[in-house]
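This is work-v5.csv. It holds CSV, C-alpha atoms.
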```csv
chain,number,residue,atom,x,y,z
E,1,MET,CA,-6.1,-6.8,-13.2
E,2,THR,CA,-8.9,-4.7,-14.4
E,3,THR,CA,-12.0,-4.1,-12.3
E,4,PRO,CA,-15.2,-4.9,-14.1
E,5,VAL,CA,-17.6,-2.1,-14.4
E,6,ALA,CA,-20.1,-3.8,-12.0
E,7,GLY,CA,-17.3,-4.0,-9.5
E,8,ALA,CA,-16.5,-0.3,-9.8
E,9,GLU,CA,-20.2,0.5,-9.3
E,10,LEU,CA,-20.4,-1.7,-6.2
E,11,THR,CA,-17.3,0.0,-4.8
E,12,ALA,CA,-18.8,3.4,-5.4
E,13,GLU,CA,-22.0,2.3,-3.7
E,14,LEU,CA,-20.1,0.8,-0.7
E,15,ARG,CA,-18.1,3.9,-0.5
E,16,ARG,CA,-21.1,6.2,-0.4
E,17,GLY,CA,-22.5,4.0,2.4
E,18,LEU,CA,-19.2,4.3,4.3
E,19,ASP,CA,-19.1,8.1,3.8
E,20,THR,CA,-22.6,8.3,5.4
E,21,LEU,CA,-21.6,6.0,8.2
E,22,VAL,CA,-18.5,7.9,9.2
E,23,GLY,CA,-19.9,11.3,8.2
E,24,ASP,CA,-21.1,12.1,11.7
E,25,LEU,CA,-18.0,11.1,13.6
E,26,PRO,CA,-16.1,13.7,15.4
E,27,GLY,CA,-12.5,14.8,14.7
E,28,ARG,CA,-12.5,14.3,11.0
E,29,SER,CA,-11.0,16.9,8.8
E,30,GLY,CA,-12.2,16.7,5.3
E,31,ASP,CA,-12.1,13.4,3.4
E,32,LEU,CA,-10.9,10.1,4.8
E,33,ALA,CA,-7.2,10.0,4.3
E,34,PHE,CA,-4.7,7.4,5.5
E,35,ASP,CA,-1.1,8.2,6.0
E,36,GLU,CA,0.0,4.7,6.9
E,37,PRO,CA,-1.2,1.2,6.0
E,38,TRP,CA,-2.3,0.4,9.6
E,39,GLU,CA,-4.6,3.4,9.6
E,40,LEU,CA,-6.6,1.9,6.7
E,41,ARG,CA,-6.5,-1.5,8.3
E,42,ALA,CA,-7.9,-0.1,11.5
E,43,PHE,CA,-10.6,1.7,9.6
E,44,ALA,CA,-11.6,-1.4,7.7
E,45,LEU,CA,-11.5,-3.6,10.7
E,46,VAL,CA,-13.8,-1.3,12.7
E,47,VAL,CA,-16.3,-1.1,9.8
E,48,ALA,CA,-16.1,-4.8,9.0
E,49,ALA,CA,-16.8,-5.8,12.6
E,50,TYR,CA,-19.8,-3.5,12.7
E,51,GLU,CA,-21.1,-4.8,9.4
E,52,ALA,CA,-20.7,-8.4,10.8
E,53,GLY,CA,-22.9,-7.5,13.7
E,54,GLY,CA,-20.2,-7.2,16.3
E,55,TYR,CA,-21.6,-4.0,17.9
E,56,PRO,CA,-24.0,-1.1,17.3
E,57,TRP,CA,-22.4,1.8,15.5
E,58,GLY,CA,-23.6,4.2,18.2
E,59,GLU,CA,-21.3,2.5,20.8
E,60,PHE,CA,-18.3,3.1,18.6
E,61,GLN,CA,-19.3,6.7,18.1
E,62,GLN,CA,-19.6,7.3,21.8
E,63,ALA,CA,-16.3,5.6,22.5
E,64,LEU,CA,-14.6,7.7,19.8
E,65,ILE,CA,-16.0,10.9,21.2
E,66,ALA,CA,-14.8,9.9,24.7
E,67,SER,CA,-11.3,9.0,23.5
E,68,ILE,CA,-10.9,12.3,21.6
E,69,ARG,CA,-12.3,14.3,24.6
E,70,GLN,CA,-9.8,12.6,26.9
E,71,TRP,CA,-7.0,13.6,24.6
E,72,GLU,CA,-8.3,17.2,24.3
E,73,GLU,CA,-8.5,17.5,28.1
E,74,SER,CA,-5.0,16.2,28.7
E,75,PRO,CA,-2.2,18.8,29.1
E,76,ALA,CA,-0.8,19.6,25.7
E,77,ALA,CA,2.8,19.2,27.0
E,78,THR,CA,2.4,15.6,28.0
E,79,ARG,CA,-0.2,14.1,25.6
E,80,ALA,CA,0.7,12.1,22.5
E,81,PRO,CA,0.7,13.8,19.1
E,82,TRP,CA,-2.7,13.9,17.4
E,83,SER,CA,-3.5,10.7,15.5
E,84,TYR,CA,-7.0,10.4,14.4
E,85,TYR,CA,-6.9,6.6,13.8
E,86,GLU,CA,-5.2,6.0,17.1
E,87,HIS,CA,-8.5,7.2,18.6
E,88,TRP,CA,-10.3,4.7,16.3
E,89,VAL,CA,-8.2,1.9,17.7
E,90,ARG,CA,-8.7,3.0,21.3
E,91,ALA,CA,-12.4,3.4,20.8
E,92,PHE,CA,-12.7,0.0,19.1
E,93,GLU,CA,-10.8,-1.6,22.0
E,94,ALA,CA,-13.1,0.1,24.5
E,95,VAL,CA,-16.2,-1.2,22.7
E,96,LEU,CA,-14.9,-4.8,22.4
E,97,GLY,CA,-13.6,-4.7,26.0
E,98,GLU,CA,-16.9,-3.4,27.5
E,99,ARG,CA,-19.0,-5.9,25.5
E,100,GLY,CA,-16.6,-8.7,26.6
E,101,THR,CA,-15.9,-9.6,23.0
E,102,VAL,CA,-12.2,-9.6,23.7
E,103,ASP,CA,-10.3,-9.7,27.0
E,104,ARG,CA,-8.2,-6.5,27.3
E,105,ASP,CA,-5.3,-8.3,28.9
E,106,ALA,CA,-5.4,-10.8,26.1
E,107,VAL,CA,-5.1,-7.9,23.6
E,108,GLU,CA,-2.0,-6.7,25.4
E,109,VAL,CA,-0.4,-10.2,25.3
E,110,ARG,CA,-1.3,-10.6,21.6
E,111,THR,CA,0.1,-7.2,20.7
E,112,CYS,CA,3.4,-8.0,22.4
E,113,ASP,CA,3.5,-11.3,20.4
E,114,VAL,CA,3.0,-9.4,17.2
E,115,LEU,CA,5.8,-7.0,18.1
E,116,ALA,CA,8.1,-9.8,19.0
E,117,THR,CA,7.7,-11.5,15.6
E,118,PRO,CA,10.4,-10.2,13.3
E,119,LYS,CA,9.0,-8.5,10.3
E,120,ASN,CA,9.3,-10.5,7.1
E,121,ARG,CA,11.1,-13.2,9.0
E,122,ASN,CA,11.1,-15.5,6.0
E,123,HIS,CA,12.2,-13.0,3.5
E,124,HIS,CA,15.1,-10.8,4.5
E,125,GLU,CA,17.6,-11.8,1.8
E,126,PRO,CA,18.4,-9.2,-0.7
E,127,HIS,CA,17.9,-10.3,-4.4
E,128,TYR,CA,20.3,-8.5,-6.6
E,129,GLU,CA,19.4,-10.1,-10.0
E,130,PRO,CA,16.1,-10.4,-11.8
E,131,ILE,CA,14.2,-13.5,-10.6
E,132,ALA,CA,12.9,-14.1,-14.2
E,133,VAL,CA,13.8,-12.9,-17.6
E,134,ASP,CA,11.7,-13.2,-20.7
E,135,PRO,CA,14.1,-12.5,-23.5
E,136,ALA,CA,13.3,-10.3,-26.5
E,137,ARG,CA,12.4,-12.4,-29.5
E,138,THR,CA,14.2,-10.7,-32.3
E,139,THR,CA,13.7,-12.2,-35.7
E,140,SER,CA,16.5,-11.4,-38.1
E,141,ILE,CA,15.3,-9.6,-41.1
E,142,PRO,CA,16.5,-11.4,-44.3
E,143,GLU,CA,18.9,-9.3,-46.4
E,144,ALA,CA,17.4,-8.0,-49.5
E,145,PRO,CA,18.7,-9.9,-52.5
U,1,MET,CA,4.0,-0.5,26.7
U,2,SER,CA,2.8,2.8,28.0
U,3,GLU,CA,-0.9,3.5,27.7
U,4,ALA,CA,-0.3,7.2,27.0
U,5,ASP,CA,2.3,7.2,24.3
U,6,ARG,CA,2.0,4.4,21.7
U,7,THR,CA,4.3,4.4,18.8
U,8,SER,CA,3.0,3.9,15.3
U,9,GLU,CA,4.5,0.5,15.3
U,10,GLU,CA,2.8,-0.5,18.5
U,11,ILE,CA,-0.6,0.7,17.2
U,12,ALA,CA,-0.1,-1.2,14.0
U,13,ALA,CA,0.7,-4.4,16.1
U,14,ARG,CA,-2.4,-3.7,18.2
U,15,VAL,CA,-4.6,-3.5,15.0
U,16,LYS,CA,-3.1,-6.9,13.9
U,17,ALA,CA,-3.7,-8.4,17.3
U,18,LEU,CA,-7.3,-7.3,17.3
U,19,GLU,CA,-7.9,-8.5,13.8
U,20,SER,CA,-6.5,-11.9,14.5
U,21,MET,CA,-8.5,-12.3,17.8
U,22,LEU,CA,-11.8,-11.4,16.0
U,23,ILE,CA,-11.0,-13.8,13.2
U,24,GLU,CA,-10.3,-16.6,15.7
U,25,GLN,CA,-13.7,-15.9,17.3
U,26,GLY,CA,-15.4,-16.3,14.0
U,27,LEU,CA,-16.7,-12.8,14.0
U,28,LEU,CA,-14.7,-11.8,10.9
U,29,THR,CA,-12.6,-13.1,8.0
U,30,THR,CA,-9.6,-11.5,6.5
U,31,GLU,CA,-11.6,-11.1,3.2
U,32,MET,CA,-14.2,-9.1,5.0
U,33,VAL,CA,-11.6,-6.6,6.2
U,34,ASP,CA,-9.9,-6.6,2.8
U,35,ARG,CA,-13.2,-5.7,1.1
U,36,TYR,CA,-13.1,-2.3,2.9
U,37,VAL,CA,-9.4,-1.9,2.4
U,38,ASP,CA,-9.8,-2.3,-1.3
U,39,ILE,CA,-12.1,0.6,-1.6
U,40,TYR,CA,-9.4,3.0,-0.3
U,41,GLU,CA,-6.2,1.3,-1.4
U,42,ASN,CA,-5.4,4.1,-3.8
U,43,GLU,CA,-5.6,6.7,-1.0
U,44,VAL,CA,-2.9,5.5,1.5
U,45,GLY,CA,0.3,7.2,1.7
U,46,PRO,CA,1.5,10.3,-0.2
U,47,GLN,CA,2.0,8.4,-3.5
U,48,LEU,CA,5.0,10.6,-4.1
U,49,GLY,CA,6.5,8.2,-6.7
U,50,ALA,CA,4.8,10.1,-9.5
U,51,LYS,CA,6.6,13.3,-8.5
U,52,VAL,CA,9.9,11.4,-8.4
U,53,VAL,CA,9.3,9.9,-11.9
U,54,ALA,CA,8.3,13.3,-13.3
U,55,LYS,CA,11.4,14.9,-11.9
U,56,ALA,CA,13.6,12.1,-13.3
U,57,TRP,CA,12.0,12.6,-16.8
U,58,ALA,CA,12.6,16.4,-16.6
U,59,ASP,CA,16.0,16.5,-15.0
U,60,PRO,CA,18.7,14.1,-16.3
U,61,GLU,CA,21.1,14.8,-13.4
U,62,PHE,CA,18.4,13.9,-10.9
U,63,LYS,CA,17.6,10.8,-12.9
U,64,ALA,CA,21.3,9.7,-12.8
U,65,ARG,CA,21.3,10.1,-9.0
U,66,LEU,CA,18.0,8.3,-8.7
U,67,LEU,CA,19.3,5.3,-10.6
U,68,GLN,CA,22.5,5.4,-8.6
U,69,ASP,CA,20.9,5.6,-5.2
U,70,ALA,CA,17.1,5.9,-5.1
U,71,THR,CA,16.9,6.2,-1.3
U,72,ALA,CA,19.2,9.2,-1.3
U,73,ALA,CA,17.6,10.8,-4.3
U,74,CYS,CA,14.2,10.5,-2.8
U,75,ALA,CA,15.5,11.9,0.4
U,76,GLU,CA,16.5,15.1,-1.6
U,77,LEU,CA,12.8,15.6,-2.1
U,78,GLY,CA,12.0,14.9,1.5
U,79,ILE,CA,10.6,11.4,0.6
U,80,GLY,CA,11.5,8.4,2.7
U,81,GLY,CA,10.9,6.6,5.9
U,82,GLY,CA,8.5,3.8,6.5
U,83,GLN,CA,9.2,0.9,4.2
U,84,GLY,CA,10.9,3.2,1.7
U,85,GLU,CA,14.5,2.4,2.8
U,86,HIS,CA,16.9,0.6,0.5
U,87,MET,CA,15.0,1.3,-2.7
U,88,VAL,CA,16.3,0.5,-6.1
U,89,VAL,CA,14.8,2.1,-9.2
U,90,LEU,CA,14.8,0.1,-12.5
U,91,GLU,CA,14.8,2.2,-15.7
U,92,ASP,CA,12.7,1.0,-18.6
U,93,SER,CA,14.1,1.3,-22.1
U,94,ASP,CA,13.2,0.4,-25.7
U,95,GLU,CA,15.1,-2.9,-25.1
U,96,VAL,CA,14.1,-3.8,-21.6
U,97,HIS,CA,10.9,-3.6,-19.5
U,98,HIS,CA,11.0,-4.2,-15.7
U,99,ALA,CA,8.3,-5.5,-13.4
U,100,VAL,CA,8.3,-6.2,-9.7
U,101,VAL,CA,7.0,-9.0,-7.5
U,102,CYS,CA,7.5,-10.0,-3.9
U,103,THR,CA,7.7,-13.4,-2.3
U,104,LEU,CA,6.0,-13.6,1.1
U,105,CYS,CA,5.6,-10.4,2.8
U,106,SER,CA,4.5,-8.1,0.0
U,107,CYS,CA,7.5,-5.9,0.5
U,108,TYR,CA,6.6,-2.7,-1.0
U,109,PRO,CA,7.9,0.9,-0.9
U,110,TRP,CA,4.6,2.4,0.3
U,111,PRO,CA,5.8,5.9,1.2
U,112,VAL,CA,6.5,6.2,-2.6
U,113,LEU,CA,3.8,4.1,-4.2
U,114,GLY,CA,1.0,4.1,-1.6
U,115,LEU,CA,-0.6,0.9,-0.3
U,116,PRO,CA,0.1,-2.3,-2.3
U,117,PRO,CA,-3.0,-3.5,-4.1
U,118,ASN,CA,-4.4,-6.9,-2.9
U,119,TRP,CA,-3.5,-8.7,-6.1
U,120,TYR,CA,0.2,-7.8,-5.5
U,121,LYS,CA,0.0,-9.8,-2.2
U,122,GLU,CA,-1.5,-12.9,-3.8
U,123,PRO,CA,1.0,-15.7,-4.4
U,124,GLN,CA,-0.6,-16.3,-7.8
U,125,TYR,CA,0.5,-13.0,-9.1
U,126,ARG,CA,4.1,-13.7,-8.2
U,127,SER,CA,4.2,-17.3,-9.4
U,128,ARG,CA,2.5,-16.5,-12.7
U,129,MET,CA,4.7,-13.4,-13.3
U,130,VAL,CA,7.8,-15.4,-12.7
U,131,ARG,CA,6.7,-18.2,-15.1
U,132,ALA,CA,5.2,-16.2,-17.9
U,133,PRO,CA,5.5,-12.4,-17.4
U,134,ARG,CA,4.7,-11.5,-21.0
U,135,LYS,CA,1.5,-13.5,-20.9
U,136,VAL,CA,0.4,-12.3,-17.5
U,137,LEU,CA,1.0,-8.6,-18.4
U,138,ALA,CA,-1.0,-9.1,-21.6
U,139,GLU,CA,-3.8,-11.2,-20.3
U,140,ASP,CA,-4.3,-10.0,-16.7
U,141,PHE,CA,-3.3,-6.4,-17.1
U,142,GLY,CA,-3.9,-5.7,-20.8
U,143,TYR,CA,-0.3,-4.5,-21.2
U,144,GLU,CA,1.2,-5.8,-24.4
U,145,ILE,CA,5.0,-5.7,-24.3
U,146,PRO,CA,6.4,-6.0,-27.9
U,147,ASP,CA,8.4,-9.2,-28.5
U,148,THR,CA,11.4,-7.1,-29.2
U,149,ARG,CA,11.6,-6.0,-25.6
U,150,GLU,CA,13.1,-8.2,-22.9
U,151,ILE,CA,11.1,-8.4,-19.7
U,152,ARG,CA,12.9,-8.6,-16.4
U,153,VAL,CA,11.0,-9.5,-13.2
U,154,TRP,CA,12.5,-8.4,-9.9
U,155,ASP,CA,11.9,-9.8,-6.5
U,156,SER,CA,11.5,-7.2,-3.8
U,157,SER,CA,12.4,-8.2,-0.2
U,158,SER,CA,12.7,-6.4,3.0
U,159,GLU,CA,16.3,-5.6,2.1
U,160,ILE,CA,15.8,-4.2,-1.3
U,161,ARG,CA,12.6,-2.7,-2.6
U,162,TYR,CA,12.3,-2.2,-6.3
U,163,TRP,CA,10.2,0.1,-8.3
U,164,VAL,CA,10.1,1.0,-12.0
U,165,LEU,CA,11.0,4.2,-13.8
U,166,PRO,CA,8.8,4.0,-16.9
U,167,GLN,CA,9.8,5.6,-20.2
U,168,ARG,CA,8.7,9.2,-20.7
U,169,PRO,CA,5.9,9.2,-23.3
U,170,ALA,CA,6.3,10.9,-26.6
U,171,GLY,CA,4.4,14.1,-27.1
U,172,THR,CA,5.3,15.6,-23.7
U,173,ASP,CA,8.0,18.0,-24.8
U,174,GLY,CA,7.9,21.2,-22.8
U,175,TRP,CA,5.6,19.7,-20.1
U,176,SER,CA,6.1,20.8,-16.5
U,177,GLU,CA,6.9,18.3,-13.8
U,178,GLU,CA,3.4,18.7,-12.4
U,179,GLN,CA,1.9,17.9,-15.8
U,180,LEU,CA,4.2,14.9,-16.3
U,181,ALA,CA,3.3,13.5,-12.8
U,182,THR,CA,-0.3,13.2,-13.8
U,183,LEU,CA,0.6,10.5,-16.3
U,184,VAL,CA,2.4,8.3,-13.7
U,185,THR,CA,0.2,5.6,-12.0
U,186,ARG,CA,1.0,3.2,-9.2
U,187,ASP,CA,0.7,0.3,-11.6
U,188,SER,CA,3.2,1.8,-14.0
U,189,MET,CA,5.7,2.0,-11.2
U,190,ILE,CA,5.1,-1.7,-10.4
U,191,GLY,CA,5.6,-2.4,-14.1
U,192,VAL,CA,2.2,-3.9,-14.8
U,193,ALA,CA,0.7,-1.0,-16.8
U,194,PRO,CA,1.9,1.7,-19.2
U,195,VAL,CA,1.9,5.4,-18.0
U,196,GLY,CA,-1.2,7.3,-18.8
U,197,ALA,CA,-2.0,8.3,-22.4
U,198,VAL,CA,-1.0,11.8,-23.5
U,199,SER,CA,-4.1,13.7,-24.4
```

What does the file become when written as structure tokens?
Amino acid sequence: MTTPVAGAELTAELRRGLDTLVGDLPGRSGDLAFDEPWELRAFALVVAAYEAGGYPWGEFQQALIASIRQWEESPAATRAPWSYYEHWVRAFEAVLGERGTVDRDAVEVRTCDVLATPKNRNHHEPHYEPIAVDPARTTSIPEAP
Amino acid sequence: MSEADRTSEEIAARVKALESMLIEQGLLTTEMVDRYVDIYENEVGPQLGAKVVAKAWADPEFKARLLQDATAACAELGIGGGQGEHMVVLEDSDEVHHAVVCTLCSCYPWPVLGLPPNWYKEPQYRSRMVRAPRKVLAEDFGYEIPDTREIRVWDSSSEIRYWVLPQRPAGTDGWSEEQLATLVTRDSMIGVAPVGAVS
């Protein structure tokens, strides 16, 4: 489905706005890059909640700085491997928890619920044949007399 | 769950949990989050599929292995993991064109293709493609498949994830794999667009 030009311009404008928004955050190397789908989902969730008026951006910035600092100050031997968007999630949870937007225990419970739900629970059958075929419409060319 | 050491799966679940809680509170809608996801949907994952397609075009023996067992052939190139397991590659020909849909869960080999676009996850895409693939490809995607080619639509599931090996375009004799890879788009590997034009 082709994006209309107006849509592309809007996207570019939104994107410039986002680049400005996240430009001052710590711990970024180069452009935004997402290695796994959840990273982009986390990014979009944090931005959407801010745009919806859920919290001031400065609170998220401070929480992100704190989460990264805590990681940096932990002994290298015991800390988790570096994951930039994990700090986004931790910072987001801290902001929502401190504001009382979500209850942190409830987040734990809900996370366990998600983990306990089998992935693709309605859709685990392999499908070995095409689900639809649109046959070629060959018209036989009449023999020349 | 240990606070110090969260696995990627745990963090992904946490993100889902937070999103669902904020939606229930009325702070957000899924569409509001999707809007930001859409901006970057082409930038998730290594999008290594183009490299695999280019190698298959250039190396007939690799292509044979890819069509035989895509998961193993991709592993040769160090590509795999995530939702890439149990992949099947469908080869386009002059007689047959392939396209891929998914039923419920938008099963998708993202380590190879990147993040699925939102339209791929919409039920309308699947139901219309199953009913009238030739029409949908022409009208929604501007991709005209000649009447002389059969179209096969494949249903990805969590057990088998399909993707398409498009035909190598004419006029690319002597191209390096790197040059060839620049022609391969995500949509061409879903089977809803041709590969890029040879300039």

Self-check item: Separation of atom CA of Asp134 of chain E from atom CA of Lys63 of chain U, in Å and rounded to one decimal
Solution: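 One can read the atom CA of Asp134 of chain E to atom CA of Lys63 of chain U distance as 25.9 Å.
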
Quiz item: So how far away is atom CA of Ala75 of chain U from atom CA of Glu129 of chain E, in Å?
Solution: 24.6 Å

Practice problem: Give the residues of chain E that lie within 8 Å of chain U; count all atoms listed in the file, and format the answer as a PyMOL selection string. | Solution: chain E and resi 1-2+11+15+33-42+44-45+47-49+52+54+79-80+86+89+102+107-108+110-112+114-115+120+122-127+129-138

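Going from atom CA of Thr78 of chain E over to atom CA of Asp103 of chain E, you cover 28.3 Å.
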
Can you tell me, as AutoDock Vina command-line options, the centre and edge lengths (Å, one decimal) of the axis-aligned box enclosing all of segment 156-165 of chain U's listed atoms after padding each side by 5 Å?
```
--center_x 13.2 --center_y -2.0 --center_z -5.4 --size_x 16.2 --size_y 22.4 --size_z 26.8
```

Please return as a compact mmCIF listing (two decimals) with C-alpha atoms, keeping the file's coordinate frame every residue within 10 Å of (11.9, 8.0, -7.4), taking into account all atoms listed in the file and the file's own coordinates.
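Result saved to result_22.txt:
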```txt
# COMPACT_ATOMS: atom_id res chain seq x y z
CA LEU U 48 5.00 10.60 -4.10
CA GLY U 49 6.50 8.20 -6.70
CA ALA U 50 4.80 10.10 -9.50
CA LYS U 51 6.60 13.30 -8.50
CA VAL U 52 9.90 11.40 -8.40
CA VAL U 53 9.30 9.90 -11.90
CA ALA U 54 8.30 13.30 -13.30
CA LYS U 55 11.40 14.90 -11.90
CA ALA U 56 13.60 12.10 -13.30
CA PHE U 62 18.40 13.90 -10.90
CA LYS U 63 17.60 10.80 -12.90
CA ARG U 65 21.30 10.10 -9.00
CA LEU U 66 18.00 8.30 -8.70
CA LEU U 67 19.30 5.30 -10.60
CA ASP U 69 20.90 5.60 -5.20
CA ALA U 70 17.10 5.90 -5.10
CA THR U 71 16.90 6.20 -1.30
CA ALA U 72 19.20 9.20 -1.30
CA ALA U 73 17.60 10.80 -4.30
CA CYS U 74 14.20 10.50 -2.80
CA ALA U 75 15.50 11.90 0.40
CA LEU U 77 12.80 15.60 -2.10
CA ILE U 79 10.60 11.40 0.60
CA MET U 87 15.00 1.30 -2.70
CA VAL U 88 16.30 0.50 -6.10
CA VAL U 89 14.80 2.10 -9.20
CA LEU U 90 14.80 0.10 -12.50
CA VAL U 112 6.50 6.20 -2.60
CA LEU U 113 3.80 4.10 -4.20
CA TRP U 163 10.20 0.10 -8.30
CA VAL U 164 10.10 1.00 -12.00
CA LEU U 165 11.00 4.20 -13.80
CA MET U 189 5.70 2.00 -11.20
```

How would segment 75-92 of chain E look with N, CA, C and O atoms restored, written as a CSV table (one decimal), in the frame of the given file?
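Contents of selection09.csv, freshly written:
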```csv
chain,number,residue,atom,x,y,z
E,75,PRO,N,-3.1,17.7,29.3
E,75,PRO,CA,-2.2,18.8,29.1
E,75,PRO,C,-1.4,18.6,27.8
E,75,PRO,O,-0.9,17.5,27.5
E,76,ALA,N,-1.4,19.7,27.0
E,76,ALA,CA,-0.8,19.6,25.7
E,76,ALA,C,0.7,19.2,25.8
E,76,ALA,O,1.2,18.6,24.8
E,77,ALA,N,1.3,19.5,26.9
E,77,ALA,CA,2.8,19.2,27.0
E,77,ALA,C,3.0,17.7,27.1
E,77,ALA,O,4.1,17.2,26.7
E,78,THR,N,2.1,17.0,27.7
E,78,THR,CA,2.4,15.6,28.0
E,78,THR,C,1.6,14.6,27.0
E,78,THR,O,2.0,13.4,27.0
E,79,ARG,N,0.6,15.0,26.3
E,79,ARG,CA,-0.2,14.1,25.6
E,79,ARG,C,0.6,13.7,24.3
E,79,ARG,O,1.4,14.4,23.8
E,80,ALA,N,0.1,12.6,23.7
E,80,ALA,CA,0.7,12.1,22.5
E,80,ALA,C,0.3,13.0,21.4
E,80,ALA,O,-0.7,13.6,21.4
E,81,PRO,N,1.1,13.0,20.3
E,81,PRO,CA,0.7,13.8,19.1
E,81,PRO,C,-0.7,13.4,18.6
E,81,PRO,O,-1.0,12.2,18.7
E,82,TRP,N,-1.4,14.2,18.0
E,82,TRP,CA,-2.7,13.9,17.4
E,82,TRP,C,-2.6,12.8,16.4
E,82,TRP,O,-1.8,12.9,15.4
E,83,SER,N,-3.4,11.8,16.5
E,83,SER,CA,-3.5,10.7,15.5
E,83,SER,C,-4.9,10.3,15.5
E,83,SER,O,-5.4,9.6,16.4
E,84,TYR,N,-5.6,10.7,14.5
E,84,TYR,CA,-7.0,10.4,14.4
E,84,TYR,C,-7.3,8.9,14.5
E,84,TYR,O,-8.2,8.4,15.3
E,85,TYR,N,-6.6,8.1,13.8
E,85,TYR,CA,-6.9,6.6,13.8
E,85,TYR,C,-6.4,5.9,15.1
E,85,TYR,O,-6.8,4.8,15.4
E,86,GLU,N,-5.5,6.6,15.8
E,86,GLU,CA,-5.2,6.0,17.1
E,86,GLU,C,-6.4,6.0,18.0
E,86,GLU,O,-6.7,5.1,18.7
E,87,HIS,N,-7.2,7.1,17.8
E,87,HIS,CA,-8.5,7.2,18.6
E,87,HIS,C,-9.5,6.1,18.1
E,87,HIS,O,-10.2,5.6,18.9
E,88,TRP,N,-9.4,5.8,16.8
E,88,TRP,CA,-10.3,4.7,16.3
E,88,TRP,C,-9.9,3.4,17.0
E,88,TRP,O,-10.8,2.7,17.5
E,89,VAL,N,-8.6,3.2,17.1
E,89,VAL,CA,-8.2,1.9,17.7
E,89,VAL,C,-8.6,1.9,19.2
E,89,VAL,O,-9.1,0.9,19.7
E,90,ARG,N,-8.3,3.0,19.9
E,90,ARG,CA,-8.7,3.0,21.3
E,90,ARG,C,-10.2,2.8,21.5
E,90,ARG,O,-10.6,2.1,22.4
E,91,ALA,N,-11.0,3.5,20.7
E,91,ALA,CA,-12.4,3.4,20.8
E,91,ALA,C,-12.9,2.0,20.5
E,91,ALA,O,-13.8,1.4,21.2
E,92,PHE,N,-12.3,1.4,19.5
E,92,PHE,CA,-12.7,0.0,19.1
E,92,PHE,C,-12.3,-1.0,20.3
E,92,PHE,O,-13.1,-1.8,20.6
```
